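structure_12.tsv follows (TSV, C-alpha atoms and all ligand atoms):
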chain	number	residue	atom	x	y	z
I	1	MET	CA	99.13	112.33	101.89
I	2	LEU	CA	95.58	111.18	101.38
I	3	ARG	CA	93.30	113.92	100.08
I	4	ASN	CA	90.42	112.40	98.24
I	5	ALA	CA	89.39	114.81	95.47
I	6	THR	CA	86.73	112.41	94.18
I	7	LYS	CA	85.05	112.19	97.58
I	8	ALA	CA	85.21	115.99	97.91
I	9	ARG	CA	83.50	116.39	94.54
I	10	LEU	CA	80.80	113.89	95.49
I	11	LEU	CA	80.20	115.69	98.80
I	12	ALA	CA	79.89	118.94	96.83
I	13	GLY	CA	77.08	117.35	94.80
I	14	GLU	CA	79.15	116.92	91.63
I	15	THR	CA	79.30	113.96	89.25
I	16	VAL	CA	82.53	112.00	88.90
I	17	PHE	CA	83.69	109.78	86.06
I	18	GLY	CA	86.02	106.83	86.49
I	19	CYS	CA	87.47	103.88	84.67
I	20	PHE	CA	88.24	100.29	85.64
I	21	VAL	CA	91.85	99.23	85.09
I	22	ARG	CA	92.73	95.53	85.13
I	23	TYR	CA	96.40	95.60	84.17
I	24	ALA	CA	99.35	95.57	86.57
I	25	GLU	CA	101.53	97.92	84.54
I	26	PRO	CA	102.01	101.30	86.29
I	27	ALA	CA	102.78	103.04	82.98
I	28	PHE	CA	99.38	101.99	81.64
I	29	THR	CA	97.72	103.43	84.74
I	30	GLU	CA	99.72	106.64	84.41
I	31	PHE	CA	98.81	106.94	80.72
I	32	THR	CA	95.12	106.30	81.53
I	33	ALA	CA	95.19	108.79	84.41
I	34	MET	CA	96.53	111.46	82.07
I	35	GLN	CA	93.34	111.31	79.99
I	36	GLY	CA	91.51	113.30	82.66
I	37	TRP	CA	89.49	110.80	84.71
I	38	ASP	CA	88.38	111.80	88.19
I	39	PHE	CA	89.25	108.35	89.52
I	40	LEU	CA	90.52	104.94	88.48
I	41	VAL	CA	89.30	101.66	89.98
I	42	PHE	CA	91.89	98.88	89.97
I	43	ASP	CA	89.77	95.80	89.47
I	44	ALA	CA	90.90	92.93	91.67
I	45	GLU	CA	87.50	91.23	91.59
I	46	HIS	CA	87.68	90.35	87.90
I	47	GLY	CA	91.28	89.82	86.88
I	48	THR	CA	94.61	89.11	88.44
I	49	LEU	CA	95.54	92.29	90.33
I	50	GLN	CA	96.99	91.78	93.79
I	51	PRO	CA	97.66	94.34	96.54
I	52	ARG	CA	101.35	94.25	95.57
I	53	ASP	CA	100.45	95.40	92.03
I	54	ILE	CA	98.01	97.98	93.32
I	55	GLU	CA	100.59	99.74	95.49
I	56	GLY	CA	102.51	100.66	92.32
I	57	LEU	CA	99.31	101.61	90.45
I	58	CYS	CA	98.35	103.91	93.35
I	59	ARG	CA	101.62	105.80	93.01
I	60	ALA	CA	101.09	106.17	89.26
I	61	ALA	CA	97.55	107.56	89.67
I	62	GLU	CA	98.56	109.92	92.49
I	63	LEU	CA	101.47	111.21	90.40
I	64	ARG	CA	98.92	112.36	87.81
I	65	GLY	CA	96.39	113.76	90.28
I	66	VAL	CA	93.75	111.04	89.85
I	67	THR	CA	92.04	109.32	92.79
I	68	PRO	CA	93.14	105.67	93.14
I	69	LEU	CA	90.41	103.23	94.20
I	70	ALA	CA	90.18	99.43	93.97
I	71	ARG	CA	87.43	96.93	93.59
I	72	VAL	CA	88.41	94.34	96.18
I	73	THR	CA	87.97	90.61	95.79
I	74	THR	CA	85.55	90.05	98.66
I	75	ASN	CA	83.89	91.66	101.68
I	76	GLU	CA	86.34	90.42	104.32
I	77	ALA	CA	88.15	92.72	106.75
I	78	HIS	CA	91.55	91.04	106.38
I	79	VAL	CA	91.31	91.25	102.57
I	80	ILE	CA	90.11	94.87	102.45
I	81	LEU	CA	92.90	95.83	104.87
I	82	ARG	CA	95.64	94.55	102.56
I	83	PHE	CA	94.23	96.61	99.69
I	84	LEU	CA	93.78	99.78	101.73
I	85	ASP	CA	97.26	99.57	103.24
I	86	THR	CA	98.67	100.24	99.74
I	87	GLY	CA	97.41	103.83	100.00
I	88	LEU	CA	94.15	103.58	98.06
I	89	HIS	CA	91.72	106.44	98.63
I	90	GLY	CA	88.80	104.03	98.90
I	91	VAL	CA	87.37	100.68	97.95
I	92	GLN	CA	84.47	99.31	96.00
I	93	VAL	CA	83.09	96.13	97.57
I	94	PRO	CA	81.26	93.62	95.35
I	95	TRP	CA	78.24	91.52	96.30
I	96	VAL	CA	76.91	93.46	99.28
I	97	ASN	CA	73.49	91.94	99.85
I	98	SER	CA	72.20	93.13	103.22
I	99	ALA	CA	72.50	95.87	105.82
I	100	ALA	CA	74.74	93.59	107.89
I	101	GLU	CA	77.08	93.10	104.93
I	102	ALA	CA	77.17	96.83	104.25
I	103	GLU	CA	78.01	97.50	107.91
I	104	ARG	CA	80.77	94.92	107.67
I	105	ALA	CA	82.24	96.75	104.66
I	106	VAL	CA	82.18	100.09	106.52
I	107	ARG	CA	83.76	98.53	109.63
I	108	SER	CA	86.56	97.08	107.50
I	109	VAL	CA	87.37	100.45	105.91
I	110	LYS	CA	87.08	102.79	108.90
I	111	TYR	CA	89.22	103.07	112.01
I	112	GLU	CA	87.80	103.53	115.52
I	113	PRO	CA	85.29	104.80	116.49
I	114	LEU	CA	83.56	104.08	113.14
I	115	GLY	CA	85.18	100.74	112.42
I	116	ARG	CA	87.80	98.16	113.25
I	117	ARG	CA	90.31	98.50	110.42
I	118	GLY	CA	93.68	97.07	111.43
I	119	LEU	CA	96.21	99.80	112.25
I	120	ALA	CA	99.93	99.73	111.48
I	121	GLY	CA	102.54	101.79	109.69
I	122	SER	CA	102.02	101.26	105.95
I	123	ARG	CA	102.07	103.30	102.76
I	124	ALA	CA	98.49	104.38	103.60
I	125	SER	CA	99.67	106.14	106.76
I	126	ASP	CA	102.94	107.37	105.19
I	127	TRP	CA	104.52	104.85	107.56
I	128	GLY	CA	103.68	107.25	110.39
I	129	MET	CA	106.21	109.84	109.16
I	130	GLU	CA	103.90	112.71	108.11
I	131	GLU	CA	101.56	113.02	111.10
I	132	SER	CA	100.67	111.19	114.29
I	133	ILE	CA	98.93	107.87	113.89
I	134	ALA	CA	95.94	109.31	115.79
I	135	ASP	CA	95.61	112.20	113.33
I	136	TYR	CA	96.03	109.80	110.40
I	137	THR	CA	93.17	107.57	111.57
I	138	GLN	CA	90.77	110.50	111.81
I	139	ARG	CA	91.82	111.85	108.40
I	140	ALA	CA	91.50	108.40	106.82
I	141	ASN	CA	88.00	108.08	108.28
I	142	ARG	CA	87.03	111.36	106.63
I	143	GLU	CA	88.76	110.87	103.28
I	144	THR	CA	88.31	107.18	102.45
I	145	LEU	CA	85.50	106.44	100.01
I	146	VAL	CA	83.23	103.44	100.59
I	147	VAL	CA	81.36	102.10	97.58
I	148	VAL	CA	79.18	98.98	97.78
I	149	GLN	CA	77.89	97.13	94.77
I	150	VAL	CA	74.19	96.35	94.46
I	151	GLU	CA	74.14	93.46	92.02
I	152	THR	CA	71.86	90.71	93.27
I	153	GLN	CA	68.15	90.25	93.78
I	154	ALA	CA	68.78	90.11	97.55
I	155	ALA	CA	70.54	93.49	97.44
I	156	VAL	CA	67.65	95.02	95.47
I	157	GLU	CA	65.21	93.72	98.06
I	158	ALA	CA	67.38	95.19	100.85
I	159	ILE	CA	67.92	98.56	99.15
I	160	GLU	CA	65.86	100.57	101.67
I	161	ASP	CA	68.07	99.15	104.47
I	162	LEU	CA	71.27	99.67	102.52
I	163	VAL	CA	70.75	103.41	101.94
I	164	ALA	CA	70.35	103.90	105.71
I	165	ILE	CA	73.85	102.62	106.59
I	166	ASP	CA	76.18	105.31	107.97
I	167	GLY	CA	79.59	105.51	106.37
I	168	LEU	CA	78.57	104.38	102.88
I	169	ASP	CA	79.23	106.99	100.22
I	170	VAL	CA	78.03	105.32	97.02
I	171	LEU	CA	75.62	102.51	96.14
I	172	PHE	CA	76.75	101.17	92.80
I	173	ILE	CA	74.57	99.14	90.44
I	174	GLY	CA	76.37	96.19	88.82
I	175	PRO	CA	74.08	95.56	85.83
I	176	THR	CA	75.69	92.33	84.61
I	177	ASP	CA	75.65	90.41	87.88
I	178	LEU	CA	72.19	91.79	88.55
I	179	SER	CA	70.89	90.42	85.23
I	180	HIS	CA	72.47	87.07	86.09
I	181	SER	CA	70.98	87.03	89.59
I	182	LEU	CA	67.52	87.74	88.13
I	183	GLY	CA	67.79	84.79	85.74
I	184	HIS	CA	68.55	86.80	82.57
I	185	PRO	CA	72.35	86.62	82.28
I	186	GLY	CA	73.69	89.47	80.15
I	187	ASP	CA	70.24	90.72	79.09
I	188	LEU	CA	70.48	94.20	80.58
I	189	SER	CA	67.35	95.41	78.81
I	190	HIS	CA	65.10	92.61	80.12
I	191	PRO	CA	62.09	94.21	81.88
I	192	ASP	CA	62.94	92.47	85.18
I	193	VAL	CA	66.46	93.88	85.10
I	194	VAL	CA	65.27	97.36	84.14
I	195	ALA	CA	62.67	97.29	86.92
I	196	ALA	CA	65.28	96.21	89.48
I	197	MET	CA	67.69	98.96	88.39
I	198	ASP	CA	64.85	101.49	88.52
I	199	ARG	CA	63.97	100.46	92.05
I	200	VAL	CA	67.58	100.78	93.20
I	201	ALA	CA	68.08	104.08	91.37
I	202	ASP	CA	64.89	105.66	92.72
I	203	THR	CA	65.67	104.62	96.29
I	204	VAL	CA	69.29	105.77	96.21
I	205	LEU	CA	68.42	109.07	94.49
I	206	ALA	CA	65.90	109.80	97.27
I	207	SER	CA	68.56	109.18	99.95
I	208	ASP	CA	71.68	111.05	101.09
I	209	LYS	CA	73.93	108.55	99.26
I	210	ALA	CA	75.30	108.87	95.74
I	211	LEU	CA	74.12	106.54	92.98
I	212	GLY	CA	76.82	104.76	90.98
I	213	ILE	CA	76.67	102.53	87.94
I	214	PHE	CA	78.82	100.74	85.38
I	215	VAL	CA	78.21	101.80	81.77
I	216	GLY	CA	79.51	100.47	78.47
I	217	SER	CA	79.21	103.66	76.42
I	218	ALA	CA	79.19	107.44	76.58
I	219	ALA	CA	75.50	107.41	75.60
I	220	ALA	CA	74.64	105.23	78.62
I	221	ALA	CA	76.82	107.43	80.84
I	222	ARG	CA	74.94	110.54	79.71
I	223	THR	CA	71.56	108.86	80.27
I	224	TRP	CA	72.51	107.87	83.83
I	225	ARG	CA	74.17	111.23	84.52
I	226	ASP	CA	70.99	113.01	83.44
I	227	ARG	CA	69.02	110.72	85.68
I	228	GLY	CA	71.13	111.68	88.69
I	229	ALA	CA	73.86	109.04	88.94
I	230	ARG	CA	77.00	110.79	90.22
I	231	TYR	CA	79.65	108.02	90.24
I	232	ILE	CA	79.89	106.59	86.74
I	233	ILE	CA	82.42	103.95	85.70
I	234	THR	CA	83.37	102.44	82.40
I	235	GLY	CA	86.40	100.27	81.53
I	236	THR	CA	89.58	100.61	79.52
I	237	ASP	CA	88.86	97.43	77.58
I	238	GLY	CA	85.89	98.91	75.70
I	239	PHE	CA	88.02	101.78	74.41
I	240	LEU	CA	90.86	99.48	73.37
I	241	ARG	CA	88.53	97.04	71.68
I	242	HIS	CA	86.51	99.63	69.77
I	243	GLY	CA	89.57	101.67	68.81
I	244	MET	CA	91.44	98.65	67.51
I	245	GLN	CA	88.46	97.16	65.70
I	246	ASP	CA	87.58	100.47	64.12
I	247	TYR	CA	91.17	100.91	62.90
I	248	LEU	CA	91.41	97.40	61.47
I	249	THR	CA	88.01	97.66	59.79
I	250	GLN	CA	89.06	100.91	58.11
I	251	VAL	CA	92.49	99.75	56.94
I	252	ARG	CA	91.19	96.46	55.60
I	253	SER	CA	88.18	97.82	53.74
I	301	LIG	C1	78.43	94.20	87.15
I	301	LIG	O1	77.84	94.67	86.16
I	301	LIG	O2	78.13	93.12	87.68
I	301	LIG	C2	79.53	94.93	87.73
I	301	LIG	O3	80.04	94.55	88.73
I	301	LIG	C3	79.97	96.16	86.99
I	301	LIG	O4	81.10	96.69	87.46
I	302	MG	MG	79.53	92.56	89.24
Could you render the structure as C-alpha cells?
Amino acid sequence: MLRNATKARLLAGETVFGCFVRYAEPAFTEFTAMQGWDFLVFDAEHGTLQPRDIEGLCRAAELRGVTPLARVTTNEAHVILRFLDTGLHGVQVPWVNSAAEAERAVRSVKYEPLGRRGLAGSRASDWGMEESIADYTQRANRETLVVVQVETQAAVEAIEDLVAIDGLDVLFIGPTDLSHSLGHPGDLSHPDVVAAMDRVADTVLASDKALGIFVGSAAAARTWRDRGARYIITGTDGFLRHGMQDYLTQVRS
C-alpha cells in the first residue's frame, strides 16, 4: 500500500536524505535501508538495474520502512511506466531540459486527470486487490513523487519555466552532467558551474518546489541543507570506497 513518507516530509517543509543504490541484490538494499535513510534511489540511469531487479529492491526497502524511488533511464512514458509498475513511490527523471519535457515527465507518472500513465493491475496497484482501481489512481496521483534533474545548460536557461510546472515535486541539480554540459567536465568548482548551480538554486528556493542535489560528502550535504536544499542524495559507492581505503591504509601502514 503506497504511502510515501518522503513526500509527506517534503510537503511538511522537512529535509530528506537519500542514497543511490546501483546493485541488484535485495539484501544490500535491505542492509542500506536499515541505516536510517529517508529514501533510496535505485539508479537505472547509470548502471545495469532493470525494472525486474527494482521490483525486488522495492520490497526490500518497504520492508524496512524506507521510501523506494528509482532514477529511470530516460524520459519516455513507456519506460517510466515499467519502472513505476514495480511499486516505486516515485521516479527521478534525468536530462529534463524544457517545460515541455517536464510536462512529459509529469504526464508519464500521473494518471488521469493529471496525466496519461498506463493503467493495469500490477504490484503498484496491489494487483487491484486492496482497493478499487479508481481509488488507487487518485491515491497514486497524490503519493507519487516526481523529481526532475536539472543538469544541462538548456535546463538552467529554462529554470524559470521548469519551476512553474504543476505536478513536479523536486528540481534536482546534477552537478557532474552540468559541469560537462558547460564545457568543464568534472570541474564542479569552476565559476561557470557554480554560477549555474546558484541560478538554479535561487530560482527553485524562491518557488513552491523543493530543491534537490547530489553531494559527495557530509560537508557538502550540510552546506546545501543550510542553504535550503531539502532533497539531498549521496551514493553507496563513496562510503564503500572510503571505508575500504581507510581500512587498508591503516592496516598496511
Ligand atoms: C549528475 O551529477 O549529473 C547527476 O546526475 C547526479 O546524480
Ligand atoms: Mg547526471
Mind running chain I against ligand MG 302 (chain I) at 7 Å and telling me each contacting residue's nearest atom pair with the distance in Å (one decimal), counting only C-alpha atoms and all ligand atoms, chain and number ascending, as CSV?
residue,atom,partner,partner_atom,distance
I:Pro94,CA,I:MG302,MG,6.4
I:Glu151,CA,I:MG302,MG,6.1
I:Gly174,CA,I:MG302,MG,4.8
I:Thr176,CA,I:MG302,MG,6.0
I:Asp177,CA,I:MG302,MG,4.6
Near stretch 74-86 of chain I, within 10 Å and counting all atoms listed in the file, which residues show up once chain neighbours fewer than 4 positions away are dropped, as an mmCIF file with C-alpha atoms, keeping the file's coordinate frame?
data_model
loop_
_atom_site.group_PDB
_atom_site.id
_atom_site.type_symbol
_atom_site.label_atom_id
_atom_site.label_comp_id
_atom_site.auth_asym_id
_atom_site.auth_seq_id
_atom_site.Cartn_x
_atom_site.Cartn_y
_atom_site.Cartn_z
ATOM 1 C CA ALA I 44 90.900 92.930 91.670
ATOM 2 C CA GLU I 45 87.500 91.230 91.590
ATOM 3 C CA GLN I 50 96.990 91.780 93.790
ATOM 4 C CA PRO I 51 97.660 94.340 96.540
ATOM 5 C CA ARG I 52 101.350 94.250 95.570
ATOM 6 C CA ASP I 53 100.450 95.400 92.030
ATOM 7 C CA ILE I 54 98.010 97.980 93.320
ATOM 8 C CA GLU I 55 100.590 99.740 95.490
ATOM 9 C CA GLY I 56 102.510 100.660 92.320
ATOM 10 C CA LEU I 57 99.310 101.610 90.450
ATOM 11 C CA CYS I 58 98.350 103.910 93.350
ATOM 12 C CA ARG I 59 101.620 105.800 93.010
ATOM 13 C CA LEU I 69 90.410 103.230 94.200
ATOM 14 C CA ALA I 70 90.180 99.430 93.970
ATOM 15 C CA GLY I 90 88.800 104.030 98.900
ATOM 16 C CA VAL I 91 87.370 100.680 97.950
ATOM 17 C CA GLN I 92 84.470 99.310 96.000
ATOM 18 C CA VAL I 93 83.090 96.130 97.570
ATOM 19 C CA PRO I 94 81.260 93.620 95.350
ATOM 20 C CA TRP I 95 78.240 91.520 96.300
ATOM 21 C CA VAL I 96 76.910 93.460 99.280
ATOM 22 C CA GLU I 101 77.080 93.100 104.930
ATOM 23 C CA ALA I 102 77.170 96.830 104.250
ATOM 24 C CA ARG I 104 80.770 94.920 107.670
ATOM 25 C CA ALA I 105 82.240 96.750 104.660
ATOM 26 C CA VAL I 106 82.180 100.090 106.520
ATOM 27 C CA ARG I 107 83.760 98.530 109.630
ATOM 28 C CA SER I 108 86.560 97.080 107.500
ATOM 29 C CA VAL I 109 87.370 100.450 105.910
ATOM 30 C CA LYS I 110 87.080 102.790 108.900
ATOM 31 C CA ARG I 116 87.800 98.160 113.250
ATOM 32 C CA ARG I 117 90.310 98.500 110.420
ATOM 33 C CA GLY I 118 93.680 97.070 111.430
ATOM 34 C CA LEU I 119 96.210 99.800 112.250
ATOM 35 C CA ALA I 120 99.930 99.730 111.480
ATOM 36 C CA GLY I 121 102.540 101.790 109.690
ATOM 37 C CA SER I 122 102.020 101.260 105.950
ATOM 38 C CA ARG I 123 102.070 103.300 102.760
ATOM 39 C CA ALA I 124 98.490 104.380 103.600
ATOM 40 C CA SER I 125 99.670 106.140 106.760
ATOM 41 C CA ASP I 126 102.940 107.370 105.190
ATOM 42 C CA TRP I 127 104.520 104.850 107.560
ATOM 43 C CA THR I 144 88.310 107.180 102.450
ATOM 44 C CA VAL I 148 79.180 98.980 97.780
#
Notebook entry, point to check: For I:Phe39, which of I:Val200, I:Leu178, I:Ile232, I:Leu11 is the closest residue, counting all atoms listed in the file?
Noted result: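 Ranking I:Val200, I:Leu178, I:Ile232, I:Leu11 by distance to I:Phe39, first place goes to I:Ile232.
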Note to self: Let me make sure I understand: among I:Thr137, I:Gly216, I:Val146, I:Ala158, which one has the smallest atom-to-atom distance to I:His242 if we use only C-alpha atoms?
What the structure shows: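 Result for the nearest residue to I:His242: I:Gly216.
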Next item on the list: List all protein, DNA and RNA residues that have an atom no more than 12 Å from any atom of ligand LIG 301 (chain I), counting only C-alpha atoms and all ligand atoms, and report them as number ranges by chain.
Entry: I: 18-22, 41-46, 70-73, 92-96, 147-152, 171-182, 185-188, 193, 197, 212-216, 231-235
Notebook entry, point to check: What gap, in Å, lies between atom CA of I:Ile165 and atom CA of I:Arg139?
Noted result: 20.3 Å
Check: Suppose you want the space between atom CA of I:Thr48 and atom CA of I:Ala27; what is it in Å?
Finding: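 Going from atom CA of I:Thr48 over to atom CA of I:Ala27 covers 17.0 Å.
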Next item on the list: For I:Arg199, work out the shell of residues within 8 Å, counting only C-alpha atoms and skipping chain neighbours fewer than 4 positions away, then give it as an MDAnalysis selection string.
Entry: chainID I and resid 156 195 203
Could you write out that same residue set with C-alpha atoms as a short mmCIF file (atom, residue, chain, number, x, y, z; two decimals), in the frame of the given file?
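That gives us part_39.cif:
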data_model
loop_
_atom_site.label_atom_id
_atom_site.label_comp_id
_atom_site.auth_asym_id
_atom_site.auth_seq_id
_atom_site.Cartn_x
_atom_site.Cartn_y
_atom_site.Cartn_z
CA VAL I 156 67.65 95.02 95.47
CA ALA I 195 62.67 97.29 86.92
CA THR I 203 65.67 104.62 96.29
#
Note to self: I want to know what sits within 12 Å of I:Ala8, based on all atoms listed in the file, with residues of the same chain fewer than 5 positions away left out; could you give that as a list in words?
What the structure shows: Leu2, Arg3, Gly13, Glu14, Thr15, Val16, Asp38, Thr67, His89, Arg142, Glu143, Thr144, Leu145 and Asp169 of chain I
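Considering all atoms listed in the file, the residue among I:Leu162, I:Ala12, I:Leu240, I:Ala33 positioned nearest to I:Ala100 is I:Leu162.
The space separating atom CA of I:Gly238 from atom CA of I:Asp192 comes to 25.7 Å.
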Next item on the list: With a distance cut-off of 12 Å and only C-alpha atoms, select the neighbouring residues of I:Ala206, excluding the residue or stretch itself and same-chain residues fewer than 2 positions from it, and output the selection as JSON, numbers by chain.
Entry: {"I": [159, 160, 163, 164, 199, 200, 201, 202, 203, 204, 208, 209, 210, 211, 228, 229]}
C-alpha atoms of the current selection, written as an mmCIF file, in the coordinates of the input:
data_model
loop_
_atom_site.group_PDB
_atom_site.id
_atom_site.type_symbol
_atom_site.label_atom_id
_atom_site.label_comp_id
_atom_site.auth_asym_id
_atom_site.auth_seq_id
_atom_site.Cartn_x
_atom_site.Cartn_y
_atom_site.Cartn_z
ATOM 1 C CA ILE I 159 67.920 98.560 99.150
ATOM 2 C CA GLU I 160 65.860 100.570 101.670
ATOM 3 C CA VAL I 163 70.750 103.410 101.940
ATOM 4 C CA ALA I 164 70.350 103.900 105.710
ATOM 5 C CA ARG I 199 63.970 100.460 92.050
ATOM 6 C CA VAL I 200 67.580 100.780 93.200
ATOM 7 C CA ALA I 201 68.080 104.080 91.370
ATOM 8 C CA ASP I 202 64.890 105.660 92.720
ATOM 9 C CA THR I 203 65.670 104.620 96.290
ATOM 10 C CA VAL I 204 69.290 105.770 96.210
ATOM 11 C CA ASP I 208 71.680 111.050 101.090
ATOM 12 C CA LYS I 209 73.930 108.550 99.260
ATOM 13 C CA ALA I 210 75.300 108.870 95.740
ATOM 14 C CA LEU I 211 74.120 106.540 92.980
ATOM 15 C CA GLY I 228 71.130 111.680 88.690
ATOM 16 C CA ALA I 229 73.860 109.040 88.940
#
Notebook entry, point to check: Out of I:Glu130, I:Leu10, I:Ala196, I:Glu62, which residue has the shortest atom-to-atom distance to I:Glu30 when counting all atoms listed in the file?
Noted result: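 Going through I:Glu130, I:Leu10, I:Ala196, I:Glu62 one by one, the smallest distance to I:Glu30 is for I:Glu62.
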Next item on the list: Using only C-alpha atoms, find the one residue out of I:Ile133, I:Ala140, I:Ala24, I:Ala99 that sits nearest to I:Tyr111.
Entry: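 Smallest separation from I:Tyr111 among the options: I:Ala140.
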Grab all the atoms of stretch 188-206 of chain I that the file lists, wrap them in a box along x, y and z, add 3 Å per side, and give me centre plus edge lengths in Å (one decimal) as JSON.
{"center_x": 66.3, "center_y": 101.1, "center_z": 88.0, "size_x": 14.4, "size_y": 23.3, "size_z": 24.5}
